[in-house]
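Coordinates as given in final.txt (compact mmCIF, C-alpha atoms and all ligand atoms):
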# COMPACT_ATOMS: atom_id res chain seq x y z
CA MET A 1 61.56 60.86 110.28
CA SER A 2 64.57 58.57 110.27
CA ARG A 3 67.61 59.62 112.25
CA VAL A 4 71.17 59.29 110.96
CA SER A 5 74.57 59.12 112.64
CA PRO A 6 76.42 62.44 112.96
CA GLY A 7 79.05 62.95 110.28
CA VAL A 8 79.18 62.69 106.50
CA VAL A 9 76.10 61.02 104.96
CA SER A 10 75.92 58.67 101.97
CA GLY A 11 73.51 56.05 100.65
CA ALA A 12 70.44 55.64 102.85
CA SER A 13 71.43 58.46 105.23
CA TYR A 14 71.85 60.81 102.24
CA THR A 15 68.38 60.04 100.85
CA ALA A 16 66.92 60.25 104.38
CA LEU A 17 68.30 63.77 104.68
CA ILE A 18 66.83 64.87 101.33
CA LYS A 19 63.49 63.36 102.39
CA ALA A 20 63.60 65.16 105.74
CA CYS A 21 64.11 68.45 103.88
CA HIS A 22 61.19 67.80 101.53
CA ASP A 23 58.86 66.52 104.27
CA GLY A 24 59.80 69.34 106.62
CA GLY A 25 59.63 72.05 103.94
CA TYR A 26 63.14 73.32 104.51
CA ALA A 27 66.46 73.46 102.66
CA LEU A 28 70.12 73.24 103.63
CA PRO A 29 72.70 75.87 102.73
CA ALA A 30 75.59 74.53 100.62
CA ILE A 31 78.68 76.54 101.38
CA ASN A 32 81.74 76.73 99.17
CA VAL A 33 84.81 76.32 101.34
CA VAL A 34 88.42 77.17 100.55
CA GLY A 35 90.33 76.05 103.62
CA THR A 36 90.10 74.75 107.16
CA ASP A 37 88.98 78.18 108.38
CA SER A 38 85.86 78.18 106.27
CA VAL A 39 85.15 74.48 106.90
CA ASN A 40 85.38 74.93 110.67
CA ALA A 41 83.21 78.05 110.58
CA VAL A 42 80.52 76.12 108.67
CA LEU A 43 80.65 73.20 111.12
CA GLU A 44 80.52 75.57 114.09
CA ALA A 45 77.53 77.42 112.63
CA ALA A 46 75.67 74.19 111.81
CA ALA A 47 76.29 72.80 115.30
CA ARG A 48 75.15 75.91 117.12
CA ASN A 49 72.01 76.08 114.98
CA ASN A 50 71.43 72.32 115.32
CA SER A 51 71.10 72.15 111.54
CA ASP A 52 72.54 69.73 109.03
CA VAL A 53 74.59 71.32 106.31
CA ILE A 54 76.17 70.89 102.88
CA ILE A 55 79.89 71.56 102.47
CA GLN A 56 81.14 71.83 98.92
CA VAL A 57 84.31 72.73 97.11
CA SER A 58 84.76 74.11 93.61
CA ASN A 59 87.65 73.05 91.42
CA GLY A 60 89.39 76.36 92.17
CA GLY A 61 88.64 76.00 95.88
CA ALA A 62 90.10 72.49 95.84
CA ARG A 63 93.23 73.74 94.10
CA PHE A 64 93.58 76.45 96.74
CA TYR A 65 92.99 73.92 99.53
CA ALA A 66 95.94 71.86 98.29
CA GLY A 67 98.10 74.98 97.91
CA GLU A 68 98.55 77.32 94.97
CA GLY A 69 102.26 76.47 95.04
CA LEU A 70 101.71 72.94 93.75
CA PRO A 71 102.63 73.08 90.06
CA ASP A 72 100.31 70.31 88.78
CA ALA A 73 96.87 71.94 88.77
CA HIS A 74 94.98 68.68 88.13
CA ARG A 75 96.74 66.85 90.96
CA ALA A 76 96.18 69.87 93.23
CA ARG A 77 92.43 69.87 92.44
CA VAL A 78 92.14 66.18 93.21
CA LEU A 79 94.26 66.22 96.36
CA GLY A 80 92.78 69.48 97.65
CA ALA A 81 89.24 68.12 97.36
CA ALA A 82 90.32 64.86 99.02
CA SER A 83 92.11 66.75 101.80
CA MET A 84 88.99 68.85 102.45
CA ALA A 85 86.84 65.71 102.51
CA ARG A 86 89.13 63.95 104.98
CA HIS A 87 89.17 67.04 107.22
CA VAL A 88 85.35 67.01 107.29
CA HIS A 89 85.14 63.23 107.84
CA LEU A 90 87.44 63.58 110.87
CA LEU A 91 85.64 66.53 112.45
CA ALA A 92 81.97 66.50 111.43
CA LYS A 93 81.07 63.72 113.89
CA GLU A 94 82.44 65.83 116.75
CA TYR A 95 80.08 68.66 115.85
CA GLY A 96 77.13 66.26 116.09
CA ILE A 97 75.37 67.16 112.83
CA ALA A 98 74.93 65.47 109.45
CA VAL A 99 76.96 66.77 106.51
CA ILE A 100 76.54 66.32 102.77
CA LEU A 101 80.00 66.54 101.17
CA HIS A 102 79.86 67.73 97.60
CA THR A 103 81.89 69.16 94.73
CA ASP A 104 80.58 72.18 92.82
CA HIS A 105 80.43 72.79 89.03
CA ALA A 106 82.50 70.54 86.80
CA ASP A 107 82.13 70.97 83.05
CA ARG A 108 83.38 68.48 80.45
CA LYS A 109 87.03 69.48 80.73
CA LEU A 110 86.84 68.82 84.49
CA ILE A 111 85.48 65.27 84.16
CA PRO A 112 89.01 63.88 84.78
CA TRP A 113 88.91 65.72 88.15
CA LEU A 114 85.70 63.92 89.10
CA ASP A 115 86.91 60.60 87.67
CA ASP A 116 89.95 60.67 89.94
CA LEU A 117 87.83 61.64 92.96
CA ILE A 118 85.37 58.83 92.23
CA THR A 119 88.29 56.39 92.06
CA MET A 120 89.32 57.61 95.53
CA SER A 121 85.74 57.12 96.76
CA GLU A 122 85.77 53.58 95.35
CA GLU A 123 88.99 52.82 97.26
CA GLU A 124 87.56 54.38 100.41
CA PHE A 125 84.35 52.39 99.99
CA ARG A 126 86.29 49.12 99.69
CA THR A 127 88.08 49.73 103.00
CA THR A 128 85.48 51.61 105.09
CA GLY A 129 82.13 50.95 103.38
CA LYS A 130 81.74 54.70 102.84
CA PRO A 131 82.66 56.95 99.90
CA LEU A 132 84.85 60.03 100.27
CA PHE A 133 82.13 62.39 99.00
CA THR A 134 78.34 62.26 99.23
CA SER A 135 77.77 63.63 95.74
CA HIS A 136 79.34 65.44 92.81
CA MET A 137 78.02 67.99 90.36
CA LEU A 138 78.41 67.54 86.62
CA ASP A 139 77.41 70.72 84.81
CA LEU A 140 77.05 70.06 81.08
CA SER A 141 74.26 72.60 80.77
CA THR A 142 75.90 74.36 77.81
CA GLU A 143 75.85 71.12 75.77
CA PRO A 144 72.91 69.59 73.89
CA LEU A 145 70.50 67.91 76.34
CA ASP A 146 71.15 64.36 75.10
CA GLU A 147 74.91 64.68 75.49
CA ASN A 148 74.43 66.17 78.94
CA LEU A 149 72.15 63.32 80.01
CA GLN A 150 74.14 60.45 78.44
CA THR A 151 77.38 61.55 80.13
CA SER A 152 75.53 62.14 83.41
CA ALA A 153 74.02 58.65 83.19
CA SER A 154 77.40 56.98 82.77
CA MET A 155 78.85 58.91 85.70
CA LEU A 156 75.86 58.11 87.92
CA LYS A 157 76.37 54.41 87.13
CA ARG A 158 79.77 54.65 88.85
CA LEU A 159 78.40 56.67 91.78
CA ALA A 160 75.26 54.70 92.62
CA PRO A 161 76.97 51.52 93.93
CA LEU A 162 78.91 53.76 96.36
CA GLY A 163 75.73 55.37 97.70
CA MET A 164 76.70 58.65 96.05
CA GLY A 165 74.48 61.07 94.18
CA LEU A 166 74.88 63.29 91.11
CA GLU A 167 73.73 66.87 90.73
CA ILE A 168 73.14 67.96 87.15
CA GLU A 169 72.28 71.33 85.66
CA LEU A 170 69.58 71.97 83.08
CA GLY A 171 69.37 75.42 81.59
CA VAL A 172 72.22 77.66 82.56
CA THR A 173 72.85 79.73 85.65
CA GLY A 174 73.89 83.22 84.64
CA GLY A 175 77.02 84.96 85.81
CA GLU A 176 80.37 83.39 86.49
CA GLU A 177 81.86 81.20 89.17
CA ASP A 178 85.41 79.92 89.12
CA GLY A 179 85.78 80.54 85.40
CA ILE A 180 82.65 78.54 84.55
CA GLY A 181 79.94 80.90 83.49
CA HIS A 182 77.60 82.36 80.98
CA ASP A 183 77.21 85.92 79.84
CA LEU A 184 74.06 87.81 80.49
CA GLU A 185 72.86 89.63 77.44
CA GLU A 186 71.67 93.08 78.25
CA GLY A 187 68.15 93.67 76.95
CA ALA A 188 67.75 90.10 75.58
CA ASP A 189 65.06 87.80 76.98
CA ASN A 190 67.83 85.48 78.22
CA ALA A 191 65.59 82.46 77.49
CA HIS A 192 68.60 80.15 77.93
CA LEU A 193 68.52 81.03 81.62
CA TYR A 194 65.20 79.25 82.11
CA THR A 195 64.92 75.46 82.33
CA GLN A 196 62.14 73.71 80.45
CA PRO A 197 60.06 71.35 82.64
CA GLU A 198 59.97 68.73 79.83
CA ASP A 199 63.78 68.63 79.93
CA VAL A 200 63.65 68.02 83.67
CA LEU A 201 61.19 65.17 83.16
CA LYS A 202 63.41 63.62 80.49
CA ALA A 203 66.40 63.81 82.84
CA TRP A 204 64.39 62.31 85.70
CA GLU A 205 63.14 59.40 83.60
CA LEU A 206 66.64 58.51 82.45
CA LEU A 207 68.62 59.13 85.65
CA SER A 208 66.43 58.41 88.68
CA PRO A 209 66.28 54.63 87.99
CA ILE A 210 70.10 54.60 88.09
CA GLY A 211 70.69 56.45 91.35
CA THR A 212 70.13 59.59 93.42
CA VAL A 213 69.99 62.59 91.14
CA SER A 214 69.37 66.22 91.98
CA VAL A 215 68.69 68.98 89.49
CA ALA A 216 69.96 72.54 89.42
CA ALA A 217 67.22 74.06 87.32
CA SER A 218 67.61 77.59 86.05
CA PHE A 219 64.86 80.01 86.84
CA GLY A 220 66.68 83.27 86.21
CA ASN A 221 69.20 82.75 89.00
CA VAL A 222 72.62 84.29 88.62
CA HIS A 223 75.99 83.52 90.22
CA GLY A 224 77.41 86.40 92.19
CA VAL A 225 75.66 89.57 93.25
CA TYR A 226 74.82 92.11 90.59
CA LYS A 227 72.58 95.11 90.36
CA PRO A 228 69.04 93.78 89.97
CA GLY A 229 67.14 94.11 86.70
CA ASN A 230 68.95 92.00 84.10
CA VAL A 231 67.05 88.78 84.68
CA GLN A 232 63.74 88.05 86.30
CA LEU A 233 63.63 85.26 88.89
CA ARG A 234 60.78 82.85 88.06
CA PRO A 235 60.55 80.25 90.85
CA GLU A 236 57.33 78.91 89.27
CA ILE A 237 59.62 77.12 86.79
CA LEU A 238 60.68 74.92 89.72
CA LYS A 239 57.06 74.23 90.57
CA ASN A 240 56.26 73.34 86.95
CA SER A 241 59.24 70.96 86.83
CA GLN A 242 58.25 69.34 90.11
CA ASP A 243 54.64 68.99 88.95
CA ALA A 244 55.70 67.49 85.59
CA VAL A 245 57.75 64.78 87.33
CA GLN A 246 55.09 64.10 89.94
CA LYS A 247 52.36 63.74 87.32
CA ALA A 248 54.38 61.50 85.01
CA THR A 249 55.66 59.23 87.77
CA GLN A 250 52.49 59.19 89.89
CA SER A 251 54.69 59.69 92.93
CA GLY A 252 54.13 61.45 96.23
CA PRO A 253 54.80 65.17 96.68
CA LYS A 254 58.20 66.60 95.67
CA PRO A 255 59.82 63.56 94.06
CA LEU A 256 62.52 65.80 92.58
CA PRO A 257 65.42 67.13 94.70
CA LEU A 258 66.01 70.64 93.35
CA VAL A 259 69.08 72.82 93.82
CA PHE A 260 69.15 76.62 93.90
CA HIS A 261 72.39 78.06 92.46
CA GLY A 262 73.21 81.72 92.55
CA GLY A 263 71.12 82.32 95.64
CA SER A 264 73.24 85.12 97.09
CA GLY A 265 71.28 88.36 97.07
CA SER A 266 67.84 86.73 96.60
CA THR A 267 64.81 88.07 98.43
CA LEU A 268 63.14 86.19 101.25
CA ALA A 269 59.98 85.65 99.21
CA GLU A 270 61.96 84.19 96.30
CA ILE A 271 63.79 81.81 98.63
CA ASP A 272 60.56 80.75 100.37
CA ALA A 273 58.91 80.04 97.03
CA ALA A 274 61.88 78.02 95.78
CA VAL A 275 62.01 75.93 98.98
CA SER A 276 58.26 75.31 98.89
CA TYR A 277 58.68 73.85 95.37
CA GLY A 278 61.24 71.29 96.53
CA VAL A 279 64.61 73.02 96.66
CA PHE A 280 66.56 71.09 99.33
CA LYS A 281 69.98 72.69 98.63
CA MET A 282 70.75 76.35 98.26
CA ASN A 283 74.27 77.29 97.24
CA LEU A 284 75.94 80.09 99.14
CA ASP A 285 79.30 81.24 97.93
CA THR A 286 79.47 84.97 97.21
CA ASP A 287 77.76 86.03 100.46
CA ILE A 288 80.10 83.84 102.51
CA GLN A 289 83.18 85.20 100.74
CA PHE A 290 81.96 88.69 101.54
CA ALA A 291 81.21 87.82 105.18
CA PHE A 292 84.76 86.53 105.68
CA ALA A 293 86.34 89.50 103.90
CA HIS A 294 84.14 91.98 105.76
CA GLY A 295 85.09 90.52 109.15
CA VAL A 296 88.81 90.46 108.44
CA GLY A 297 88.70 93.85 106.70
CA SER A 298 86.99 95.49 109.66
CA TYR A 299 89.62 94.06 112.00
CA VAL A 300 92.48 95.36 109.84
CA LEU A 301 90.91 98.82 109.68
CA GLU A 302 90.51 98.79 113.45
CA HIS A 303 94.13 97.78 114.11
CA PRO A 304 96.11 99.16 111.14
CA VAL A 305 99.36 99.59 113.08
CA ALA A 306 99.51 95.89 113.98
CA PHE A 307 99.64 95.04 110.28
CA GLN A 308 102.58 97.40 109.69
CA HIS A 309 104.77 97.12 112.82
CA GLN A 310 105.67 94.37 115.24
CA ILE A 311 106.11 96.99 117.96
CA ASP A 312 103.79 99.98 118.21
CA PRO A 313 106.01 103.01 117.29
CA ASP A 314 103.98 105.27 119.62
CA THR A 315 103.71 103.11 122.73
CA ASP A 316 106.66 100.68 122.23
CA LYS A 317 104.24 97.88 123.02
CA PRO A 318 104.58 94.54 121.18
CA MET A 319 101.67 94.01 118.77
CA LYS A 320 101.83 90.19 118.67
CA SER A 321 98.47 89.68 120.31
CA LEU A 322 96.87 91.72 117.51
CA TYR A 323 98.64 90.35 114.42
CA ASP A 324 98.58 86.70 115.47
CA PRO A 325 96.72 85.19 112.46
CA ARG A 326 94.42 83.30 114.82
CA LYS A 327 93.04 86.66 115.99
CA TRP A 328 91.93 88.00 112.62
CA LEU A 329 91.19 84.67 110.95
CA ARG A 330 88.88 83.99 113.88
CA VAL A 331 87.10 87.29 113.26
CA GLY A 332 86.56 86.16 109.66
CA GLU A 333 85.25 82.80 110.88
CA LYS A 334 82.83 84.45 113.30
CA SER A 335 81.57 86.65 110.52
CA ILE A 336 80.83 83.53 108.43
CA VAL A 337 79.06 81.95 111.42
CA GLU A 338 76.83 85.00 111.82
CA ARG A 339 75.93 85.06 108.11
CA LEU A 340 75.07 81.35 108.37
CA ASP A 341 72.90 81.89 111.47
CA GLU A 342 70.77 83.94 109.10
CA ALA A 343 70.86 81.32 106.33
CA PHE A 344 69.74 78.48 108.61
CA ALA A 345 66.85 80.60 109.88
CA ILE A 346 65.77 81.71 106.39
CA LEU A 347 65.98 78.21 104.89
CA GLY A 348 64.08 76.75 107.86
CA SER A 349 66.74 74.16 108.77
CA LYS A 350 67.52 75.65 112.20
CA SER A 351 66.90 73.16 115.08
CA ARG A 352 66.07 70.39 112.58
CA SER A 353 69.22 68.29 112.40
CA ILE A 354 68.29 64.64 111.88
CA ALA A 355 71.58 63.46 113.39
CA GLN A 356 71.07 61.19 116.36
CA LYS A 357 73.26 62.45 119.16
CA SER A 358 74.49 59.67 121.44
ZN ZN B 1 76.43 77.24 90.71

Represent the structure of the file as structure tokens.
Ligand SMILES: [Zn+2]
Amino acid sequence: MSRVSPGVVSGASYTALIKACHDGGYALPAINVVGTDSVNAVLEAAARNNSDVIIQVSNGGARFYAGEGLPDAHRARVLGAASMARHVHLLAKEYGIAVILHTDHADRKLIPWLDDLITMSEEEFRTTGKPLFTSHMLDLSTEPLDENLQTSASMLKRLAPLGMGLEIELGVTGGEEDGIGHDLEEGADNAHLYTQPEDVLKAWELLSPIGTVSVAASFGNVHGVYKPGNVQLRPEILKNSQDAVQKATQSGPKPLPLVFHGGSGSTLAEIDAAVSYGVFKMNLDTDIQFAFAHGVGSYVLEHPVAFQHQIDPDTDKPMKSLYDPRKWLRVGEKSIVERLDEAFAILGSKSRSIAQKS
């Protein structure tokens, strides 16, 4: 196994990390962050579990990161994502683990967001030899396959010289995330939620010669947490896709880096199966949002007076030490860390960081 320097990976260190996941039979959680609190909680959790990790931001998360008060939403999305990336570049090395920096779903109307971020990565690459992000996701899964693949190919041509990768989506993930989503039809077979292995092979044959591509294949996975029953998870679709690529390309085991979207609420057996078929990245958004809210919410319920009065009306004591935002934001962070302790253990990445500590 090749070791990499701690910090944000790209190029050879990025592909080394994917290979380590495949060879070691484990996956990394990819956590959607919205601010420095969630970023730092993810880094803390990764460091204490000695696991590498994927930090990603959605377009809405990036806008929030820059500040909802900025009137130009496009500029805010670009600058928020860049600000998050720079925060991680500065700090990840200190935590001693390897980080994949990624942006989540972008559909066609969000291509200008990615274009501007890629331009920033090109500028960064010219001055430091490293891009700003490790990879981006382009989700054109609602469009005809050829249009999806042609646009993905032209974007990957810009990314590859920077050592960056592209995640694409084939078949659609049910549910909704940040306004990008697909309705689940009650009682229908929801066939559009299942990726066809021949489509994956077609994508692989076109894109893998250009650069590092990963595929979010749909196997009945759904964004968010819903009551079970509407769709059936079929991880064997991942296996069939992996097998189709392996057979056609005569390559070693697990040539295809697979991504598991909508993993919140999945069973252990479903996750194990998905990872064994070559999933190296499992997205975690909803569960992390809940962990943060649950931690902060519990704190507020425990100290309700401190959120209403600066001085306790019963005891005349100042409440500053309770309402100081660092107190309750920290409780939210710790709650994220604990949820991630679980994720690293379940995905098998605990104690397996490939970062070479000096
Ligand atoms: Zn997703």

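If you measure from each of A:Gly297, A:Gly278, A:Gly171, A:Pro197 to ligand ZN 1 (chain B) using all atoms listed in the file, the closest one turns out to be A:Gly171.
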
Quiz prompt | Protein, DNA and RNA residues within 10 Å of (78.2, 70.2, 103.5), all atoms listed in the file, as a PyMOL selection string | solution = chain A and resi 7-9+28-33+39+42-43+46+52-57+85+88+92+98-103+133-134+281

Quiz item: With only C-alpha atoms and all ligand atoms as the basis for distance, which of A:Arg75, A:Lys350, A:His87, A:His223 is at the shortest distance from ligand ZN 1 (chain B)?
Solution: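 Of A:Arg75, A:Lys350, A:His87, A:His223, the one nearest ligand ZN 1 (chain B), counting only C-alpha atoms and all ligand atoms, is A:His223.
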
Practice problem: Identify the residues around (63.8, 70.9, 103.7) within a radius of 8 Å, measuring from all atoms listed in the file in the coordinates stated by the file, and give them as a PyMOL selection string. | Solution: chain A and resi 18-28+275+278-280+347-349

Self-check item: Nearest residue to ligand ZN 1 (chain B) from the set A:Ala62, A:Ala216, A:Ala160, A:Val34 (distances using all atoms listed in the file)
Solution: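 Distance minimum relative to ligand ZN 1 (chain B) lands on A:Ala216.
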
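Take CA of Phe292 in chain A and CA of Lys334 in chain A: the distance between them is 8.1 Å.
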
Quiz prompt | Gap from CA of Val331 in chain A to CA of Ser298 in chain A - Å, one decimal | solution = 9.0 Å

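Of the listed residues A:Pro257, A:Pro144, A:Gly295, A:Gly262, the one whose atoms come nearest to ligand ZN 1 (chain B) is A:Gly262, with distances taken using only C-alpha atoms and all ligand atoms.
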